[in-house]
file input_32.txt (compact mmCIF, C-alpha atoms)
# COMPACT_ATOMS: atom_id res chain seq x y z
CA MET A 1 -43.79 -30.16 1.36
CA THR A 2 -41.49 -33.18 1.70
CA ARG A 3 -37.95 -31.83 1.78
CA ARG A 4 -36.14 -31.85 5.13
CA THR A 5 -32.92 -30.10 6.00
CA ASP A 6 -30.89 -29.55 9.16
CA TRP A 7 -32.57 -27.23 11.59
CA ALA A 8 -30.85 -24.93 14.08
CA GLU A 9 -32.55 -24.28 17.42
CA TYR A 10 -35.19 -21.59 17.32
CA ALA A 11 -34.37 -18.56 19.45
CA SER A 12 -37.40 -17.93 21.64
CA GLY A 13 -39.42 -14.85 20.65
CA SER A 14 -37.09 -13.93 17.81
CA ALA A 15 -37.64 -14.04 14.11
CA GLY A 16 -33.98 -14.80 13.49
CA ALA A 17 -33.34 -11.96 11.18
CA GLY A 18 -31.29 -12.80 8.13
CA ASP A 19 -31.55 -16.53 8.58
CA ASP A 20 -32.86 -17.11 5.12
CA ALA A 21 -34.14 -15.41 2.01
CA TYR A 22 -36.53 -13.23 3.95
CA GLY A 23 -35.09 -10.33 5.89
CA ALA A 24 -36.53 -9.15 9.20
CA ALA A 25 -37.07 -5.41 9.65
CA ALA A 26 -35.76 -3.03 7.03
CA ALA A 27 -32.09 -2.35 7.72
CA PRO A 28 -30.20 0.90 7.13
CA TYR A 29 -28.67 1.19 3.68
CA GLU A 30 -25.04 0.40 3.15
CA THR A 31 -22.62 2.86 1.68
CA ASP A 32 -22.29 2.69 -2.09
CA SER A 33 -19.47 0.25 -2.80
CA SER A 34 -18.39 2.27 -5.84
CA ALA A 35 -17.73 5.26 -3.60
CA VAL A 36 -15.81 3.61 -0.76
CA ALA A 37 -14.10 0.23 -1.11
CA PRO A 38 -12.11 -1.50 1.70
CA ARG A 39 -8.42 -2.17 1.22
CA GLU A 40 -6.28 -4.83 2.86
CA ASP A 41 -4.04 -2.19 4.51
CA GLY A 42 -7.03 -0.77 6.43
CA ALA A 43 -7.39 2.32 4.26
CA ALA A 44 -10.50 3.23 2.31
CA ARG A 45 -10.38 4.13 -1.38
CA LEU A 46 -12.70 6.93 -2.42
CA GLY A 47 -14.46 7.28 -5.75
CA ASP A 48 -12.03 9.97 -7.03
CA GLY A 49 -9.02 7.68 -6.51
CA GLU A 50 -7.88 9.17 -3.21
CA VAL A 51 -6.98 6.90 -0.31
CA ARG A 52 -7.98 7.69 3.26
CA ARG A 53 -5.71 6.08 5.85
CA GLY A 54 -6.63 4.97 9.36
CA ASP A 55 -5.16 8.19 10.84
CA GLY A 56 -7.57 10.31 8.76
CA ARG A 57 -4.91 11.57 6.30
CA GLY A 58 -5.39 11.21 2.57
CA ARG A 59 -3.04 11.10 -0.36
CA GLY A 60 -3.29 10.35 -4.06
CA ALA A 61 -5.24 11.79 -6.94
CA GLY A 62 -7.51 14.02 -4.83
CA GLY A 63 -4.87 15.77 -2.66
CA THR A 64 -6.03 18.80 -0.67
CA ARG A 65 -9.05 19.18 -2.92
CA GLY A 66 -10.10 15.63 -2.02
CA ARG A 67 -9.85 16.36 1.70
CA ARG A 68 -11.97 19.50 1.40
CA ARG A 69 -14.47 17.57 -0.65
CA ARG A 70 -14.77 14.86 2.00
CA GLU A 71 -15.36 17.45 4.68
CA ARG A 72 -18.44 18.87 2.96
CA VAL A 73 -19.89 15.91 1.03
CA GLU A 74 -21.53 12.91 2.67
CA LEU A 75 -22.69 10.15 0.35
CA SER A 76 -26.17 8.78 0.80
CA ALA A 77 -26.94 5.32 -0.64
CA GLU A 78 -30.67 5.75 -0.27
CA ASP A 79 -30.57 8.93 -2.34
CA GLY A 80 -28.78 7.17 -5.18
CA GLY A 81 -25.48 8.89 -4.32
CA ALA A 82 -26.79 12.45 -4.82
CA THR A 83 -26.55 14.64 -1.69
CA SER A 84 -28.47 17.68 -0.58
CA SER A 85 -25.27 19.74 -0.57
CA SER A 86 -24.37 18.79 -4.15
CA ARG A 87 -27.93 19.52 -5.25
CA ALA A 88 -27.77 22.93 -3.63
CA GLU A 89 -24.43 23.65 -5.30
CA LYS A 90 -25.95 22.80 -8.68
CA GLY A 91 -29.04 24.84 -8.01
CA GLU A 92 -31.30 21.77 -8.17
CA PRO A 93 -34.57 21.69 -6.21
CA PRO A 94 -34.95 19.22 -3.30
CA ARG A 95 -35.81 15.71 -4.43
CA ASP A 96 -39.53 14.91 -4.64
CA PRO A 97 -40.55 12.81 -1.58
CA VAL A 98 -42.58 10.43 -3.75
CA GLU A 99 -39.49 9.84 -5.89
CA GLN A 100 -37.44 9.27 -2.74
CA ALA A 101 -40.00 6.84 -1.34
CA ARG A 102 -40.11 4.90 -4.59
CA ALA A 103 -36.31 4.63 -4.73
CA ILE A 104 -36.09 3.45 -1.12
CA CYS A 105 -38.78 0.80 -1.58
CA LEU A 106 -37.26 -0.51 -4.80
CA ARG A 107 -33.86 -0.76 -3.14
CA LEU A 108 -35.28 -2.66 -0.17
CA LEU A 109 -37.27 -5.02 -2.37
CA THR A 110 -34.21 -5.94 -4.44
CA GLY A 111 -33.30 -9.50 -3.53
CA THR A 112 -35.84 -10.06 -0.74
CA PRO A 113 -39.58 -9.62 -0.27
CA ARG A 114 -40.87 -7.20 2.39
CA THR A 115 -44.22 -6.62 4.00
CA ARG A 116 -46.02 -3.33 3.66
CA ARG A 117 -45.35 -2.47 7.28
CA GLN A 118 -41.64 -3.17 6.96
CA LEU A 119 -41.44 -0.73 4.04
CA ALA A 120 -43.63 1.82 5.85
CA ASP A 121 -41.32 1.65 8.88
CA ALA A 122 -38.29 2.19 6.64
CA LEU A 123 -39.88 5.24 4.99
CA ARG A 124 -40.85 6.67 8.36
CA LYS A 125 -37.29 6.24 9.57
CA ARG A 126 -36.10 8.17 6.53
CA GLU A 127 -38.61 10.93 7.39
CA ILE A 128 -40.60 10.51 4.20
CA PRO A 129 -43.92 12.41 4.51
CA GLU A 130 -46.81 10.09 5.35
CA GLU A 131 -48.82 11.16 2.31
CA ALA A 132 -45.96 10.37 -0.08
CA ALA A 133 -45.28 7.05 1.63
CA GLU A 134 -48.93 6.03 1.42
CA GLU A 135 -49.08 6.88 -2.27
CA VAL A 136 -46.04 4.78 -3.12
CA LEU A 137 -46.99 1.82 -0.91
CA SER A 138 -50.51 1.68 -2.32
CA ARG A 139 -49.18 1.82 -5.87
CA PHE A 140 -46.69 -0.97 -5.14
CA GLU A 141 -49.53 -3.11 -3.81
CA GLU A 142 -51.58 -2.47 -6.96
CA VAL A 143 -48.81 -3.72 -9.23
CA GLY A 144 -47.93 -6.68 -6.98
CA LEU A 145 -44.56 -5.51 -5.70
CA ILE A 146 -46.01 -5.71 -2.19
CA ASN A 147 -48.08 -8.80 -1.43
CA ASP A 148 -48.37 -9.65 2.25
CA GLY A 149 -50.38 -12.79 1.54
CA ALA A 150 -47.73 -14.24 -0.76
CA PHE A 151 -45.02 -13.13 1.69
CA ALA A 152 -46.72 -14.99 4.55
CA GLN A 153 -47.14 -18.20 2.57
CA ALA A 154 -43.52 -18.15 1.38
CA TRP A 155 -42.37 -17.41 4.94
CA VAL A 156 -44.25 -20.42 6.32
CA GLU A 157 -42.87 -22.68 3.60
CA SER A 158 -39.31 -21.49 4.12
CA ARG A 159 -39.24 -21.40 7.91
CA HIS A 160 -41.01 -24.70 8.42
CA HIS A 161 -38.60 -26.54 6.10
CA GLY A 162 -35.53 -24.48 7.00
CA ARG A 163 -35.99 -24.24 10.79
CA GLY A 164 -38.70 -26.74 11.58
CA LEU A 165 -40.93 -24.08 13.13
CA ALA A 166 -44.48 -24.99 14.11
CA ARG A 167 -47.59 -22.91 13.45
CA ARG A 168 -47.44 -21.07 16.76
CA ALA A 169 -43.90 -19.81 16.19
CA LEU A 170 -44.63 -18.92 12.56
CA THR A 171 -47.70 -16.94 13.60
CA ARG A 172 -45.63 -15.00 16.12
CA GLU A 173 -42.97 -14.16 13.55
CA LEU A 174 -45.46 -12.98 10.93
CA ARG A 175 -47.18 -10.75 13.47
CA THR A 176 -43.91 -8.99 14.20
CA LYS A 177 -43.64 -8.21 10.48
CA GLY A 178 -47.04 -6.57 10.39
CA VAL A 179 -48.94 -9.23 8.44
CA GLU A 180 -52.70 -9.13 9.05
CA ALA A 181 -54.20 -11.90 11.17
CA ALA A 182 -56.45 -13.17 8.34
CA LEU A 183 -53.47 -13.57 6.01
CA ILE A 184 -51.48 -15.32 8.73
CA ASP A 185 -54.30 -17.79 9.30
CA VAL A 186 -54.38 -18.65 5.61
CA ALA A 187 -50.61 -19.10 5.46
CA VAL A 188 -50.23 -21.32 8.53
CA SER A 189 -53.20 -23.44 7.45
CA GLN A 190 -50.72 -25.01 4.98
CA LEU A 191 -49.52 -27.03 7.98
CA ASP A 192 -51.73 -29.49 9.78
CA THR A 193 -51.19 -31.34 13.06
CA GLU A 194 -50.01 -34.49 11.32
CA GLN A 195 -47.34 -32.64 9.36
CA GLU A 196 -46.20 -30.76 12.46
CA GLU A 197 -45.78 -34.02 14.35
CA GLU A 198 -43.81 -35.54 11.49
CA THR A 199 -41.46 -32.55 11.52
CA ALA A 200 -41.16 -32.76 15.31
CA ARG A 201 -40.10 -36.41 15.02
CA ASP A 202 -37.44 -35.50 12.46
CA LEU A 203 -36.11 -32.77 14.74
CA VAL A 204 -35.88 -35.10 17.73
CA ALA A 205 -34.23 -37.83 15.66
CA ARG A 206 -31.52 -35.37 14.61
CA LYS A 207 -30.86 -34.22 18.19
CA LEU A 208 -31.26 -37.57 19.94
CA ARG A 209 -27.69 -38.77 19.47
CA ALA A 210 -26.29 -35.62 21.07
CA THR A 211 -28.19 -36.39 24.30
CA ARG A 212 -26.90 -39.92 24.73
CA GLY A 213 -24.98 -40.26 27.97
CA LEU A 214 -27.32 -37.89 29.82
CA ASP A 215 -29.79 -39.22 32.34
CA ARG A 216 -33.31 -39.87 31.16
CA ASP A 217 -34.97 -36.78 32.69
CA LYS A 218 -32.36 -34.44 31.24
CA ARG A 219 -32.83 -35.95 27.81
CA LEU A 220 -36.56 -35.42 28.07
CA ARG A 221 -36.23 -31.80 29.17
CA ARG A 222 -33.61 -30.94 26.58
CA LEU A 223 -35.43 -32.46 23.62
CA ALA A 224 -38.91 -31.31 24.64
CA GLY A 225 -37.56 -27.83 25.37
CA MET A 226 -36.07 -27.67 21.87
CA LEU A 227 -39.48 -28.43 20.39
CA ALA A 228 -41.21 -25.92 22.65
CA ARG A 229 -38.90 -23.13 21.46
CA LYS A 230 -39.90 -23.98 17.91
CA GLY A 231 -43.56 -23.52 18.74
CA TYR A 232 -44.72 -27.08 19.34
CA SER A 233 -47.33 -27.69 22.02
CA GLU A 234 -46.24 -29.24 25.30
CA GLY A 235 -48.39 -32.31 24.77
CA MET A 236 -46.99 -33.03 21.31
CA ALA A 237 -43.41 -32.37 22.41
CA LEU A 238 -43.59 -34.77 25.36
CA ARG A 239 -45.33 -37.47 23.32
CA VAL A 240 -42.79 -37.32 20.49
CA VAL A 241 -39.79 -37.31 22.84
CA ARG A 242 -41.11 -40.20 24.95
CA GLN A 243 -41.68 -42.31 21.84
CA ALA A 244 -38.15 -41.57 20.61
CA LEU A 245 -36.66 -42.56 23.97
CA GLU A 246 -38.72 -45.74 24.09
CA GLU A 247 -37.40 -46.73 20.68
CA GLU A 248 -33.90 -46.49 22.16
CA GLY A 249 -34.89 -48.84 24.99
CA GLU A 250 -35.46 -46.21 27.69
CA ASP A 251 -38.12 -46.96 30.30
CA THR A 252 -40.50 -43.98 30.16
CA GLU A 253 -43.37 -45.42 32.20
CA HIS A 254 -42.59 -43.28 35.25
CA LEU A 255 -40.83 -40.48 33.41
CA GLY A 256 -41.87 -37.20 35.00
CA ASP A 257 -42.66 -33.90 33.28
CA GLU A 258 -41.15 -31.69 35.97
CA GLY A 259 -38.95 -28.88 34.77
CA PHE A 260 -40.31 -28.89 31.25

call {"tool": "encode", "arguments": {"input": "input_32.txt", "output": "structure tokens"}}
result
Amino acid sequence: MTRRTDWAEYASGSAGAGDDAYGAAAAPYETDSSAVAPREDGAARLGDGEVRRGDGRGRGAGGTRGRRRRERVELSAEDGGATSSSRAEKGEPPRDPVEQARAICLRLLTGTPRTRRQLADALRKREIPEEAAEEVLSRFEEVGLINDGAFAQAWVESRHHGRGLARRALTRELRTKGVEAALIDVAVSQLDTEQEEETARDLVARKLRATRGLDRDKRLRRLAGMLARKGYSEGMALRVVRQALEEEGEDTEHLGDEGF
């Protein structure tokens, strides 16, 4: 791994949901864009051509029928647009929970990988029976749609290059996503101490100019604190920052560590 990009400061204890290609916890589904589309005048256009204005009144193709329809029909993106009320009206049986679980998981996996626990949490939130959820999740693992080991390795690659996070911070993030400890250990083993220190030096070099004009102790605390939030050990952070300050001509012989 040799590429380096700009890194924003790591928010302590947070995975930074949505920062990159990998989402954090499973988010609620958005309304189907084909059913309701925003308009510049603040109104919403419904699928049957009717327009709902900000004051709740509608006009257009649907008329009174459209208003009555809106009162009794609530679209559900997770259910593929079919609602329990419309199913009842058509005399259809309730949707099979395994089918529901499969549809939810496929929707969540579109565009971004997820861990098994993230998907399990999403199914639980949608009140999918545990037995149905377990059946679908196990099947998805069998066919490779869920792979926590591959997820962890890709996460480490992405977050180390994209945010400059060290092994400690990466381990913390993967734990919050439900990845097993053994898989985390394998993933973070991609990084060694030498590579972490190289990344730490790059991070400090990028931030060093912004601290010029501050007194020496403040520069030390600010730069070392930035590295600490990204998961670097105190010893490595202080060593890297001191070396960077020395290269600028700062006298660090009696530079204290207080306040770090």

call {"tool": "residues_around", "arguments": {"input": "input_32.txt", "residues": "Asp96 in chain A", "least_positions_apart": "5", "cutoff": "12 Å", "atoms": "all atoms listed in the file", "output": "list in words"}}
result
Asp79, Ala101, Arg102, Ala103, Ile128, Pro129, Ala132 and Ala133 of chain A

call {"tool": "atom_distance", "arguments": {"input": "input_32.txt", "atom1": "CA of Leu108 in chain A", "atom2": "CA of Gly231 in chain A"}}
result
29.3 Å

call {"tool": "atom_distance", "arguments": {"input": "input_32.txt", "atom1": "CA of Glu127 in chain A", "atom2": "CA of Leu183 in chain A"}}
result
28.7 Å

call {"tool": "atom_distance", "arguments": {"input": "input_32.txt", "atom1": "CA of Ala166 in chain A", "atom2": "CA of Tyr232 in chain A"}}
result
5.6 Å

call {"tool": "closest_residue", "arguments": {"input": "input_32.txt", "among": "A:Ala181, A:Ala205, A:Val98, A:Ala187", "to": "Ala152 in chain A", "atoms": "only C-alpha atoms"}}
result
A:Ala187

call {"tool": "decode", "arguments": {"input": "input_32.txt", "residues": "range 235-248 of chain A", "atoms": "C-alpha atoms", "output": "CSV table (one decimal), in the first residue's frame"}}
result
chain,number,residue,atom,x,y,z
A,235,GLY,CA,5.3,7.1,22.2
A,236,MET,CA,5.2,7.0,18.4
A,237,ALA,CA,3.2,10.3,18.2
A,238,LEU,CA,5.6,12.2,20.4
A,239,ARG,CA,8.6,10.8,18.6
A,240,VAL,CA,7.3,11.7,15.1
A,241,VAL,CA,6.2,15.2,16.1
A,242,ARG,CA,9.5,16.0,17.8
A,243,GLN,CA,11.4,14.9,14.8
A,244,ALA,CA,9.2,17.0,12.5
A,245,LEU,CA,9.7,20.1,14.8
A,246,GLU,CA,13.5,19.5,14.9
A,247,GLU,CA,13.6,19.5,11.1
A,248,GLU,CA,12.1,22.9,11.2
